[in-house]
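Source file: entry_28.cif; contents: mmCIF, C-alpha atoms.
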data_coords
loop_
_atom_site.label_atom_id
_atom_site.label_comp_id
_atom_site.auth_asym_id
_atom_site.auth_seq_id
_atom_site.Cartn_x
_atom_site.Cartn_y
_atom_site.Cartn_z
CA MET A 17 18.50 -0.37 12.26
CA SER A 18 21.40 -2.76 11.72
CA ASN A 19 20.44 -4.70 14.83
CA GLU A 20 16.88 -5.07 13.53
CA LYS A 21 18.16 -6.36 10.22
CA GLU A 22 20.41 -8.90 11.91
CA PHE A 23 17.47 -10.04 14.01
CA ALA A 24 15.25 -10.32 10.92
CA GLU A 25 17.87 -12.46 9.17
CA GLU A 26 18.10 -14.70 12.22
CA VAL A 27 14.31 -15.27 12.18
CA LEU A 28 14.33 -15.87 8.42
CA ASN A 29 17.18 -18.38 8.51
CA LEU A 30 15.56 -20.29 11.36
CA ALA A 31 12.26 -20.50 9.47
CA ILE A 32 13.95 -21.99 6.40
CA LYS A 33 15.93 -24.36 8.59
CA LYS A 34 12.71 -25.57 10.20
CA GLY A 35 11.06 -26.45 6.90
CA ALA A 36 9.56 -23.34 5.32
CA ASP A 37 9.80 -23.26 1.52
CA GLU A 38 9.56 -19.47 1.54
CA ALA A 39 9.68 -17.03 4.45
CA GLU A 40 9.28 -13.31 5.10
CA VAL A 41 10.05 -11.21 8.19
CA TYR A 42 8.41 -7.84 8.78
CA ILE A 43 9.61 -5.62 11.66
CA LYS A 44 8.20 -2.27 12.70
CA SER A 45 9.26 -0.06 15.59
CA SER A 46 7.78 3.34 16.26
CA LYS A 47 7.70 6.17 18.74
CA LYS A 48 4.78 8.56 19.04
CA LEU A 49 4.02 11.77 20.90
CA SER A 50 0.34 12.79 20.95
CA ILE A 51 -0.75 16.04 22.62
CA GLU A 52 -4.18 17.60 23.12
CA VAL A 53 -4.44 21.08 24.63
CA LYS A 54 -7.34 22.90 26.26
CA ASP A 55 -7.17 26.59 27.22
CA GLN A 56 -3.46 26.65 26.28
CA LYS A 57 -2.61 23.83 28.68
CA ILE A 58 -1.93 20.14 28.08
CA ASP A 59 -5.17 18.20 28.47
CA VAL A 60 -3.98 14.81 27.22
CA LEU A 61 -0.41 13.68 26.59
CA GLU A 62 0.58 10.25 25.36
CA SER A 63 4.13 9.18 24.64
CA SER A 64 4.73 5.65 23.46
CA PHE A 65 7.26 3.30 21.90
CA SER A 66 6.28 0.08 20.19
CA PHE A 67 8.12 -2.81 18.57
CA GLY A 68 6.81 -5.89 16.84
CA TYR A 69 7.71 -8.46 14.21
CA SER A 70 5.86 -11.03 12.16
CA LEU A 71 6.82 -14.10 10.20
CA ARG A 72 4.98 -15.30 7.11
CA VAL A 73 5.93 -18.72 5.71
CA ILE A 74 4.80 -20.81 2.77
CA LYS A 75 5.20 -24.56 3.01
CA GLU A 76 3.88 -26.87 0.30
CA ARG A 77 1.56 -24.09 -1.00
CA SER A 78 0.10 -23.48 2.47
CA LEU A 79 0.37 -20.33 4.56
CA GLY A 80 1.63 -19.97 8.11
CA PHE A 81 1.81 -16.77 10.12
CA SER A 82 2.95 -15.74 13.59
CA PHE A 83 4.06 -12.58 15.39
CA SER A 84 5.41 -11.24 18.67
CA THR A 85 6.61 -8.14 20.48
CA ASP A 86 9.29 -10.09 22.31
CA ARG A 87 12.61 -10.86 20.61
CA SER A 88 13.20 -13.80 22.90
CA ASN A 89 10.12 -15.53 21.42
CA ILE A 90 11.92 -16.17 18.14
CA HIS A 91 11.75 -19.98 18.36
CA SER A 92 8.07 -20.12 19.26
CA VAL A 93 7.22 -17.59 16.53
CA VAL A 94 9.00 -19.75 13.93
CA ASP A 95 7.52 -22.99 15.26
CA ASN A 96 4.00 -21.56 15.33
CA ALA A 97 4.21 -20.24 11.76
CA VAL A 98 5.61 -23.47 10.32
CA GLU A 99 3.10 -25.56 12.26
CA ALA A 100 0.20 -23.37 11.09
CA ALA A 101 1.25 -23.95 7.48
CA ARG A 102 1.04 -27.72 7.99
CA TRP A 103 -2.67 -27.44 8.81
CA ALA A 104 -3.72 -24.67 6.43
CA ASP A 105 -5.44 -25.28 3.10
CA LYS A 106 -3.28 -25.27 -0.01
CA ASP A 107 -3.50 -22.16 -2.16
CA GLU A 108 -1.95 -22.05 -5.63
CA TYR A 109 -1.73 -18.25 -5.56
CA LEU A 110 0.52 -18.04 -2.52
CA GLU A 111 4.00 -16.65 -3.15
CA LEU A 112 6.38 -14.03 -1.86
CA PRO A 113 7.67 -11.23 -4.10
CA ALA A 114 11.13 -11.36 -5.62
CA ALA A 115 13.79 -8.70 -5.12
CA CYS A 116 13.30 -5.49 -7.11
CA HIS A 117 14.87 -2.06 -7.43
CA SER A 118 13.15 0.69 -5.45
CA LYS A 119 13.48 4.48 -5.69
CA SER A 120 14.29 6.72 -2.77
CA VAL A 121 11.60 9.09 -1.49
CA ASP A 122 11.91 11.99 0.94
CA ILE A 123 9.85 10.97 4.00
CA PHE A 124 12.12 11.53 7.02
CA ASP A 125 12.44 14.75 9.01
CA PRO A 126 15.05 14.89 11.81
CA GLU A 127 13.07 17.75 13.39
CA ILE A 128 10.06 15.51 13.99
CA SER A 129 12.21 12.60 15.12
CA ALA A 130 13.96 14.75 17.74
CA ILE A 131 11.06 17.01 18.80
CA GLU A 132 10.77 17.63 22.53
CA GLU A 133 7.54 17.79 24.50
CA ASP A 134 7.77 21.56 25.10
CA GLU A 135 8.19 22.42 21.42
CA ALA A 136 5.41 20.05 20.39
CA THR A 137 3.08 21.56 23.00
CA LYS A 138 3.76 25.07 21.69
CA LYS A 139 2.75 23.94 18.21
CA VAL A 140 -0.57 22.56 19.43
CA CYS A 141 -1.23 25.67 21.54
CA MET A 142 -0.75 27.73 18.35
CA LEU A 143 -3.41 25.56 16.73
CA GLU A 144 -5.95 26.35 19.46
CA ASN A 145 -5.02 30.02 19.81
CA ALA A 146 -5.24 30.70 16.07
CA SER A 147 -8.76 29.30 16.01
CA TYR A 148 -9.95 31.57 18.84
CA GLU A 149 -8.40 34.63 17.20
CA VAL A 150 -10.48 34.32 14.02
CA ASP A 151 -13.78 35.45 15.53
CA LYS A 152 -15.16 36.19 18.99
CA ARG A 153 -18.00 33.76 18.24
CA ILE A 154 -15.58 30.85 18.49
CA LYS A 155 -16.50 29.78 22.01
CA LYS A 156 -15.16 26.24 22.34
CA ILE A 157 -12.51 23.95 20.97
CA ARG A 158 -13.58 20.31 21.01
CA LYS A 159 -10.16 18.93 20.19
CA ALA A 160 -6.84 20.59 19.39
CA LEU A 161 -4.51 17.71 18.62
CA GLY A 162 -0.94 17.30 17.42
CA ILE A 163 0.78 14.01 16.64
CA PHE A 164 4.52 13.63 16.08
CA SER A 165 5.85 10.17 15.25
CA ARG A 166 8.70 8.16 13.76
CA ALA A 167 8.59 4.64 12.30
CA ASP A 168 11.38 2.25 11.29
CA VAL A 169 10.58 -0.71 9.05
CA VAL A 170 12.62 -3.75 8.00
CA ILE A 171 11.37 -6.27 5.42
CA ILE A 172 13.36 -9.28 4.24
CA ASN A 173 12.35 -12.52 2.56
CA SER A 174 13.91 -15.69 1.20
CA LYS A 175 13.55 -14.50 -2.42
CA GLY A 176 16.01 -11.66 -2.13
CA ILE A 177 14.05 -8.73 -0.71
CA ASN A 178 16.17 -6.99 1.91
CA THR A 179 15.04 -3.45 2.62
CA GLN A 180 14.64 -0.92 5.39
CA TYR A 181 13.50 2.68 5.74
CA SER A 182 12.61 5.32 8.33
CA SER A 183 9.74 7.79 8.13
CA THR A 184 8.27 10.59 10.21
CA THR A 185 4.76 12.01 10.53
CA CYS A 186 3.33 15.28 11.83
CA ILE A 187 -0.42 15.82 12.12
CA ALA A 188 -2.48 18.83 13.22
CA GLN A 189 -6.22 18.47 13.79
CA ILE A 190 -8.88 20.65 15.40
CA MET A 191 -12.64 20.95 15.89
CA ALA A 192 -13.86 24.50 16.57
CA VAL A 193 -17.34 25.48 17.77
CA ALA A 194 -18.92 28.83 16.86
CA GLU A 195 -21.92 30.06 18.85
CA ASN A 196 -24.44 32.85 18.30
CA GLY A 197 -27.27 32.91 20.80
CA THR A 198 -28.68 29.40 21.01
CA GLU A 199 -27.17 28.31 17.68
CA SER A 200 -23.86 26.48 17.43
CA GLN A 201 -21.90 25.26 14.42
CA MET A 202 -18.74 23.17 14.14
CA GLY A 203 -15.77 23.45 11.84
CA TRP A 204 -13.00 20.86 11.40
CA ASP A 205 -9.63 20.93 9.70
CA PHE A 206 -6.64 18.62 9.38
CA GLU A 207 -3.18 18.70 7.89
CA GLY A 208 -0.45 16.08 7.84
CA SER A 209 3.01 15.70 6.35
CA ARG A 210 6.27 13.85 6.75
CA PHE A 211 7.86 17.25 7.49
CA LEU A 212 7.24 19.61 10.38
CA ASN A 213 7.64 22.79 8.32
CA GLN A 214 4.94 21.65 5.90
CA VAL A 215 2.23 21.63 8.56
CA SER A 216 0.86 25.07 9.49
CA PHE A 217 -0.75 24.64 12.90
CA GLU A 218 -1.98 28.24 12.79
CA GLU A 219 -3.62 27.91 9.38
CA VAL A 220 -5.35 24.68 10.38
CA GLY A 221 -6.78 26.44 13.43
CA ARG A 222 -7.96 29.39 11.35
CA ASN A 223 -9.55 27.19 8.70
CA ALA A 224 -11.59 25.26 11.27
CA ALA A 225 -12.81 28.49 12.84
CA ARG A 226 -13.78 30.04 9.51
CA LEU A 227 -15.74 26.92 8.55
CA ALA A 228 -17.69 27.06 11.81
CA VAL A 229 -18.43 30.79 11.69
CA GLN A 230 -19.64 30.80 8.09
CA LEU A 231 -22.39 28.31 8.95
CA LEU A 232 -23.98 30.51 11.64
CA GLY A 233 -27.49 31.59 10.64
CA SER A 234 -28.09 28.45 8.57
CA ARG A 235 -31.53 27.84 7.10
CA ARG A 236 -33.28 25.07 5.26
CA ILE A 237 -33.89 25.12 1.51
CA HIS A 238 -36.66 23.64 -0.61
CA THR A 239 -36.09 20.54 -2.72
CA VAL A 240 -34.25 21.58 -5.86
CA LYS A 241 -32.14 20.20 -8.68
CA THR A 242 -29.04 22.31 -8.96
CA PRO A 243 -25.26 22.25 -9.48
CA ILE A 244 -23.16 21.58 -6.40
CA ILE A 245 -19.59 22.27 -5.40
CA LEU A 246 -17.94 19.86 -2.99
CA ASP A 247 -15.41 21.50 -0.72
CA LYS A 248 -12.12 19.65 -0.98
CA ALA A 249 -12.47 18.15 2.53
CA VAL A 250 -15.86 16.64 1.62
CA ALA A 251 -14.52 15.54 -1.78
CA ALA A 252 -11.74 13.70 0.06
CA ASP A 253 -14.32 11.75 2.08
CA PHE A 254 -16.09 10.69 -1.13
CA MET A 255 -12.76 9.74 -2.68
CA GLU A 256 -11.92 7.57 0.32
CA VAL A 257 -15.11 5.57 -0.23
CA PHE A 258 -14.44 5.39 -3.98
CA SER A 259 -10.88 4.18 -3.40
CA SER A 260 -12.07 0.82 -2.08
CA SER A 261 -13.45 0.00 -5.53
CA LEU A 262 -9.94 0.31 -7.00
CA SER A 263 -8.68 -2.54 -4.81
CA SER A 264 -8.15 -5.81 -6.70
CA GLU A 265 -9.01 -7.58 -3.46
CA HIS A 266 -12.52 -6.09 -3.50
CA VAL A 267 -12.85 -6.70 -7.23
CA GLN A 268 -11.97 -10.38 -6.82
CA LYS A 269 -14.47 -10.71 -3.98
CA GLY A 270 -17.25 -9.05 -6.00
CA LYS A 271 -17.34 -6.04 -3.69
CA SER A 272 -16.33 -3.30 -6.10
CA LEU A 273 -18.27 -0.79 -8.17
CA LEU A 274 -15.60 -1.18 -10.85
CA SER A 275 -15.61 -4.94 -11.36
CA GLY A 276 -15.30 -5.84 -15.05
CA LYS A 277 -15.01 -2.22 -16.16
CA ILE A 278 -11.37 -1.98 -17.33
CA GLY A 279 -11.26 -0.05 -20.59
CA LYS A 280 -14.68 1.47 -19.99
CA LYS A 281 -15.68 5.03 -19.11
CA VAL A 282 -16.60 5.04 -15.43
CA ILE A 283 -16.45 8.72 -14.39
CA SER A 284 -16.13 12.18 -15.92
CA PRO A 285 -13.63 12.39 -18.82
CA LYS A 286 -12.32 15.64 -17.32
CA ILE A 287 -10.28 13.97 -14.57
CA ASN A 288 -7.59 11.37 -14.00
CA ILE A 289 -7.19 9.39 -10.80
CA ILE A 290 -3.63 8.46 -9.85
CA ASP A 291 -1.98 6.50 -7.05
CA ASN A 292 1.63 7.37 -6.32
CA GLY A 293 3.73 6.25 -3.37
CA LEU A 294 6.74 8.34 -4.39
CA LEU A 295 5.50 11.87 -3.65
CA SER A 296 7.92 13.74 -1.39
CA GLY A 297 6.55 14.42 2.07
CA LYS A 298 3.14 12.80 1.65
CA LEU A 299 1.74 10.51 4.33
CA GLY A 300 1.22 7.57 1.96
CA SER A 301 4.72 7.73 0.53
CA LYS A 302 7.43 5.13 1.14
CA PRO A 303 10.04 3.45 -1.08
CA VAL A 304 8.40 0.02 -0.89
CA ASP A 305 5.04 -1.38 0.09
CA ASP A 306 4.53 -3.63 3.11
CA GLU A 307 5.83 -6.69 1.23
CA GLY A 308 8.97 -4.91 0.02
CA VAL A 309 7.72 -4.35 -3.54
CA ALA A 310 8.84 -1.02 -5.03
CA SER A 311 6.35 1.86 -4.86
CA GLU A 312 5.42 3.42 -8.17
CA GLU A 313 3.04 5.81 -9.91
CA LYS A 314 -0.14 4.26 -11.36
CA ILE A 315 -2.70 6.04 -13.53
CA LEU A 316 -5.82 4.12 -12.53
CA ILE A 317 -8.41 6.21 -14.37
CA LYS A 318 -7.39 8.23 -17.42
CA GLU A 319 -9.81 10.73 -18.94
CA GLY A 320 -12.60 8.91 -17.13
CA ILE A 321 -11.63 5.45 -18.43
CA LEU A 322 -10.59 2.73 -15.98
CA GLN A 323 -7.05 1.54 -16.69
CA GLY A 324 -6.56 -1.01 -13.92
CA TYR A 325 -6.66 -1.88 -10.23
CA LEU A 326 -4.30 -1.84 -7.26
CA TYR A 327 -2.54 -5.12 -6.41
CA ASN A 328 -0.42 -6.84 -3.83
CA THR A 329 1.53 -10.01 -4.66
CA TYR A 330 -1.31 -12.44 -3.90
CA THR A 331 -4.08 -10.66 -5.82
CA ALA A 332 -1.70 -9.98 -8.72
CA LYS A 333 -0.96 -13.69 -9.14
CA LYS A 334 -4.70 -14.40 -9.15
CA ASP A 335 -5.15 -12.05 -12.10
CA GLY A 336 -1.91 -13.01 -13.83
CA VAL A 337 -0.40 -9.53 -13.50
CA SER A 338 2.38 -7.88 -11.47
CA SER A 339 1.97 -6.30 -8.05
CA THR A 340 1.53 -2.53 -8.21
CA GLY A 341 3.28 -2.12 -4.86
CA ASN A 342 0.07 -1.62 -2.89
CA ALA A 343 0.39 -4.16 -0.11
CA ILE A 344 -0.52 -2.60 3.22
CA ARG A 345 -0.53 -3.80 6.83
CA ASN A 346 -2.54 -1.93 9.42
CA ARG A 347 -0.26 -3.39 12.08
CA PHE A 348 2.79 -5.65 12.16
CA SER A 349 0.49 -8.39 13.45
CA GLY A 350 -1.60 -8.49 10.27
CA LEU A 351 -1.20 -10.09 6.88
CA PRO A 352 -0.81 -7.80 3.85
CA SER A 353 -4.00 -6.60 2.20
CA VAL A 354 -4.46 -4.11 -0.67
CA GLY A 355 -4.68 -0.35 -0.18
CA ILE A 356 -3.83 3.04 -1.63
CA SER A 357 -0.55 4.89 -1.18
CA ASN A 358 -1.30 8.51 -2.20
CA LEU A 359 -4.50 8.61 -4.26
CA TYR A 360 -5.37 11.87 -5.95
CA ILE A 361 -7.48 13.60 -8.59
CA GLU A 362 -5.81 15.43 -11.47
CA ALA A 363 -7.50 17.56 -14.12
CA VAL A 364 -7.02 16.23 -17.65
CA SER A 365 -6.61 19.76 -19.01
CA LYS A 366 -5.74 23.15 -17.52
CA SER A 367 -8.98 24.40 -19.03
CA ASN A 368 -10.84 22.22 -16.52
CA VAL A 369 -9.16 23.99 -13.57
CA LEU A 370 -10.98 27.04 -12.21
CA THR A 371 -10.23 29.48 -9.44
CA PHE A 372 -12.54 29.43 -6.44
CA ASN A 373 -14.46 32.47 -7.72
CA GLU A 374 -14.75 30.92 -11.18
CA LEU A 375 -16.22 27.75 -9.65
CA PHE A 376 -18.90 29.84 -7.94
CA LYS A 377 -19.66 31.77 -11.11
CA SER A 378 -19.88 28.53 -13.12
CA ALA A 379 -22.39 27.13 -10.65
CA ASP A 380 -24.41 30.40 -10.93
CA LYS A 381 -27.04 29.06 -8.54
CA GLY A 382 -26.31 26.04 -6.38
CA LEU A 383 -24.94 24.64 -3.13
CA TYR A 384 -21.34 24.76 -1.95
CA ILE A 385 -21.16 21.74 0.37
CA THR A 386 -18.72 22.19 3.25
CA GLY A 387 -19.94 19.41 5.54
CA ALA A 388 -21.45 15.95 5.10
CA MET A 389 -22.69 13.37 7.57
CA GLY A 390 -22.79 9.66 6.87
CA ILE A 391 -20.44 9.34 3.91
CA HIS A 392 -19.25 6.10 5.52
CA THR A 393 -22.75 4.70 4.89
CA VAL A 394 -22.26 4.75 1.09
CA ASN A 395 -22.84 1.21 -0.16
CA PRO A 396 -19.41 0.10 -1.46
CA VAL A 397 -20.90 -2.45 -3.85
CA SER A 398 -23.86 -0.59 -5.37
CA GLY A 399 -22.54 2.92 -4.77
CA GLU A 400 -25.94 4.08 -3.53
CA PHE A 401 -25.93 6.88 -0.95
CA SER A 402 -28.16 9.29 0.91
CA ILE A 403 -26.33 11.70 3.18
CA GLY A 404 -27.02 14.89 5.10
CA VAL A 405 -25.11 17.96 3.99
CA SER A 406 -24.58 21.57 5.03
CA GLY A 407 -22.94 24.45 3.26
CA LEU A 408 -23.49 27.77 1.53
CA TRP A 409 -26.17 28.71 -1.00
CA ILE A 410 -24.84 30.47 -4.10
CA GLU A 411 -26.68 32.84 -6.43
CA ASN A 412 -25.11 34.82 -9.26
CA GLY A 413 -21.74 33.43 -8.24
CA LYS A 414 -21.93 34.81 -4.69
CA ILE A 415 -22.66 33.34 -1.26
CA VAL A 416 -26.20 34.27 -0.14
CA PHE A 417 -26.79 32.32 3.07
CA PRO A 418 -25.65 29.17 4.91
CA VAL A 419 -27.68 25.98 4.52
CA LYS A 420 -28.46 23.21 7.02
CA GLU A 421 -30.26 19.85 7.02
CA ALA A 422 -30.22 19.22 3.26
CA VAL A 423 -29.87 15.73 1.78
CA ILE A 424 -28.20 14.53 -1.41
CA SER A 425 -28.87 11.04 -2.74
CA GLY A 426 -27.71 9.04 -5.70
CA ASN A 427 -25.01 6.71 -6.96
CA LEU A 428 -21.29 7.29 -6.51
CA LEU A 429 -20.36 6.53 -10.13
CA SER A 430 -23.21 8.66 -11.46
CA LEU A 431 -22.07 11.50 -9.21
CA PHE A 432 -18.45 11.29 -10.38
CA GLU A 433 -19.64 11.24 -14.00
CA LYS A 434 -21.07 14.74 -13.43
CA ILE A 435 -17.78 16.42 -12.54
CA GLU A 436 -17.56 19.49 -14.77
CA ALA A 437 -14.52 21.29 -13.36
CA VAL A 438 -12.01 21.21 -10.51
CA GLY A 439 -10.73 24.01 -8.31
CA ASP A 440 -7.19 25.33 -8.09
CA ASP A 441 -7.16 24.61 -4.33
CA PHE A 442 -5.74 21.07 -4.50
CA ARG A 443 -4.75 19.64 -1.12
CA PHE A 444 -3.98 16.33 0.54
CA TYR A 445 -6.06 15.08 3.45
CA GLY A 446 -4.00 12.24 4.82
CA ASN A 447 -3.11 10.19 1.74
CA ILE A 448 -5.99 11.43 -0.43
CA GLY A 449 -5.44 14.50 -2.61
CA VAL A 450 -8.34 16.50 -4.01
CA PRO A 451 -9.40 19.96 -5.17
CA SER A 452 -12.90 21.35 -4.77
CA LEU A 453 -15.17 19.77 -7.39
CA LEU A 454 -17.98 21.27 -9.49
CA PHE A 455 -20.79 18.88 -10.42
CA GLY A 456 -23.65 19.20 -12.86
CA PRO A 457 -27.18 19.43 -11.48
CA ILE A 458 -28.20 16.89 -8.85
CA GLU A 459 -31.28 16.73 -6.66
CA ILE A 460 -31.08 18.19 -3.17
CA SER A 461 -33.97 17.41 -0.85
CA ALA A 462 -34.92 19.37 2.24
#

Rewritten as structure tokens:
Amino acid sequence: MSNEKEFAEEVLNLAIKKGADEAEVYIKSSKKLSIEVKDQKIDVLESSFSFGYSLRVIKERSLGFSFSTDRSNIHSVVDNAVEAARWADKDEYLELPAACHSKSVDIFDPEISAIEEDEATKKVCMLENASYEVDKRIKKIRKALGIFSRADVVIINSKGINTQYSSTTCIAQIMAVAENGTESQMGWDFEGSRFLNQVSFEEVGRNAARLAVQLLGSRRIHTVKTPIILDKAVAADFMEVFSSSLSSEHVQKGKSLLSGKIGKKVISPKINIIDNGLLSGKLGSKPVDDEGVASEEKILIKEGILQGYLYNTYTAKKDGVSSTGNAIRNRFSGLPSVGISNLYIEAVSKSNVLTFNELFKSADKGLYITGAMGIHTVNPVSGEFSIGVSGLWIENGKIVFPVKEAVISGNLLSLFEKIEAVGDDFRFYGNIGVPSLLFGPIEISA
């Protein structure tokens, strides 16, 4: 990446020369191989390479921004950014981060970087084949997908940040359909890592198939108030919604459930919630955030009590604190916002961790929820929700029958306050890590 760094320095120097008080260059190049198979043959194959860079400048407390995918556009990119700053409103909170020491993190796998199409296709075929082998009632595969990618990032600014890193990603994903007569049920699974050998394509295929098959013969239940267990995949979806409330950006805009609650009990005292960008192999890990600020571990909620929020440089200055290294850019062409790195739930005590069988026995009678529809409709400000769920009915600690078309309603904070125990089946889904979760009684409507 030495050429990229030289190019970044050229853009930076030109921006300062043309009148920027502060300047930052962000460069990202990536290559991606995406394969879908159907009946053990390639159905969709996409291979791509992308490159882009952006320039952020501050001039007289005003922001200018420009980007391009063409290196030869360097002068117009600089001119556009500096000119934009001349017309933008002044903002006292604008600043770029200063240089800082970052830790190394293991996020690059040469095997993924060098993987050939044939080997990648074999992996995805294993995903599909493993799903079919679970049960003869698996009749269709909606999508058997594998993604193999590499990204190279360079970030430099006029305040001393000068960093670069490379990362790789491997993802396996599948949707299996089980059929019995006229009934059909779907099961989904996903696994991702920075390392090829940490993704089991076969196990992902089997998991999706098992989830689909176990829902065959589903029936409705009557309205009842009972304990529930959220399967870890469903718990991850709830955590993703909850994570937005930990963003200082949302707090400052009045769009967070957790506004004004630092130092207060907000969820069950039996869990901690942590964000950590330095976990080896995880998809949210990297040595620095997308402004070049060092990644770190943050305990956001400790024993149910809110400790703080996630910050980038801009939102941190607004609150008079330091950035937590949580600046993110969805693309090189966007300005940094605030987001999670690897967000996960941790039990406060080992006594709060139960095996899967112990979770079922603790629930005694209740619903083990393995699927939920409409979690994205949870109101991020009020936390109110009403979503359809499916799963398995439990009595005397054992599965009795599968359940369909049930509804749970309530408030996200109130729900998280009712966490009584966590499973020993902790797993990351993307950059969110969760175990199965046992909740005290909540109302389930038919």

Next on the checklist: Quick check on the file I pasted: which residues fall under the PyMOL selection byres ((chain A and resi 437-445) around 7)? Write them as a ChimeraX atom specification.
Outcome noted: /A:206-207,252,363,368-372,375,435-436,446-454

Identify, on the basis of only C-alpha atoms, every residue whose closest approach to stretch 65-80 of chain A does not exceed 9 Å; exclude the query and any residue fewer than 5 positions from it along the same chain; express the result as an MDAnalysis selection string.
chainID A and resid 24 27:28 31:32 35:48 85:87 93:94 96:112 347:351

Assuming the chain letters and numbering stay as they are in my file, what does the PyMOL selection byres ((chain A and resi 316) around 8) actually select? List them as a PDB file with C-alpha atoms, keeping the file's coordinate frame.
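Written output follows (part_2.pdb):
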ATOM      1  CA  LEU A 262      -9.940   0.310  -7.000  1.00  0.00           C
ATOM      2  CA  ASN A 288      -7.590  11.370 -14.000  1.00  0.00           C
ATOM      3  CA  ILE A 289      -7.190   9.390 -10.800  1.00  0.00           C
ATOM      4  CA  ILE A 290      -3.630   8.460  -9.850  1.00  0.00           C
ATOM      5  CA  ASP A 291      -1.980   6.500  -7.050  1.00  0.00           C
ATOM      6  CA  LYS A 314      -0.140   4.260 -11.360  1.00  0.00           C
ATOM      7  CA  ILE A 315      -2.700   6.040 -13.530  1.00  0.00           C
ATOM      8  CA  ILE A 317      -8.410   6.210 -14.370  1.00  0.00           C
ATOM      9  CA  LYS A 318      -7.390   8.230 -17.420  1.00  0.00           C
ATOM     10  CA  LEU A 322     -10.590   2.730 -15.980  1.00  0.00           C
ATOM     11  CA  GLN A 323      -7.050   1.540 -16.690  1.00  0.00           C
ATOM     12  CA  GLY A 324      -6.560  -1.010 -13.920  1.00  0.00           C
ATOM     13  CA  TYR A 325      -6.660  -1.880 -10.230  1.00  0.00           C
TER      14      TYR A 325
END

Which residues, written as a PyMOL selection string, have at least one atom at most 9 Å from stretch 294-310 of chain A, with all atoms listed in the file counted and residues fewer than 4 positions away on the same chain left out? chain A and resi 40+42+112-124+169-173+177-185+208-211+214+328-329+339-345+352+356-359+444+446-448

Write out the residues from the selection above, keeping C-alpha atoms, as a compact mmCIF listing (two decimals), in the coordinates of the input.
# COMPACT_ATOMS: atom_id res chain seq x y z
CA GLU A 40 9.28 -13.31 5.10
CA TYR A 42 8.41 -7.84 8.78
CA LEU A 112 6.38 -14.03 -1.86
CA PRO A 113 7.67 -11.23 -4.10
CA ALA A 114 11.13 -11.36 -5.62
CA ALA A 115 13.79 -8.70 -5.12
CA CYS A 116 13.30 -5.49 -7.11
CA HIS A 117 14.87 -2.06 -7.43
CA SER A 118 13.15 0.69 -5.45
CA LYS A 119 13.48 4.48 -5.69
CA SER A 120 14.29 6.72 -2.77
CA VAL A 121 11.60 9.09 -1.49
CA ASP A 122 11.91 11.99 0.94
CA ILE A 123 9.85 10.97 4.00
CA PHE A 124 12.12 11.53 7.02
CA VAL A 169 10.58 -0.71 9.05
CA VAL A 170 12.62 -3.75 8.00
CA ILE A 171 11.37 -6.27 5.42
CA ILE A 172 13.36 -9.28 4.24
CA ASN A 173 12.35 -12.52 2.56
CA ILE A 177 14.05 -8.73 -0.71
CA ASN A 178 16.17 -6.99 1.91
CA THR A 179 15.04 -3.45 2.62
CA GLN A 180 14.64 -0.92 5.39
CA TYR A 181 13.50 2.68 5.74
CA SER A 182 12.61 5.32 8.33
CA SER A 183 9.74 7.79 8.13
CA THR A 184 8.27 10.59 10.21
CA THR A 185 4.76 12.01 10.53
CA GLY A 208 -0.45 16.08 7.84
CA SER A 209 3.01 15.70 6.35
CA ARG A 210 6.27 13.85 6.75
CA PHE A 211 7.86 17.25 7.49
CA GLN A 214 4.94 21.65 5.90
CA ASN A 328 -0.42 -6.84 -3.83
CA THR A 329 1.53 -10.01 -4.66
CA SER A 339 1.97 -6.30 -8.05
CA THR A 340 1.53 -2.53 -8.21
CA GLY A 341 3.28 -2.12 -4.86
CA ASN A 342 0.07 -1.62 -2.89
CA ALA A 343 0.39 -4.16 -0.11
CA ILE A 344 -0.52 -2.60 3.22
CA ARG A 345 -0.53 -3.80 6.83
CA PRO A 352 -0.81 -7.80 3.85
CA ILE A 356 -3.83 3.04 -1.63
CA SER A 357 -0.55 4.89 -1.18
CA ASN A 358 -1.30 8.51 -2.20
CA LEU A 359 -4.50 8.61 -4.26
CA PHE A 444 -3.98 16.33 0.54
CA GLY A 446 -4.00 12.24 4.82
CA ASN A 447 -3.11 10.19 1.74
CA ILE A 448 -5.99 11.43 -0.43

Go through the shown structure with the PyMOL selection byres ((chain A and resi 143) around 12) and write out the matching residues as a ChimeraX atom specification.
/A:51-56,136-142,144-150,157,159-162,187-192,204-207,215-225

Mind giving me the straight-line distance from atom CA of A:Gly197 to atom CA of A:Ile410 in Å, one decimal?
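Interatomic distance here is 25.1 Å.
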
Suppose you want the space between atom CA of A:Phe417 and atom CA of A:Asp253; what is it in Å?
->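 Separating atom CA of A:Phe417 from atom CA of A:Asp253 is a distance of 24.1 Å.
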
Review point. Looking at all atoms listed in the file, which of A:Leu30, A:Ile415, A:Ile131, A:Val257 is the one that sits closest to A:Ser272?
Key: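 Closest candidate: A:Val257.
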
Counting only C-alpha atoms, the residue among A:Asn292, A:Ser263, A:Thr393, A:Ser367 that lies closest to A:Thr331 is A:Ser263

- Please check which residues have atoms at most 7 Å from (-23.2, 30.3, -3.8) in the file's coordinates, counting all atoms listed in the file, and write them as a ChimeraX atom specification. /A:376,381-384,408-411,413-416

Would you place a box with edges along x, y and z of the file around all atoms of stretch 33-47 of chain A listed there, add 3 Å to each of its six sides, and report the centre and edge lengths in Å to one decimal, as JSON?
{"center_x": 11.8, "center_y": -10.1, "center_z": 10.1, "size_x": 14.2, "size_y": 38.6, "size_z": 23.2}
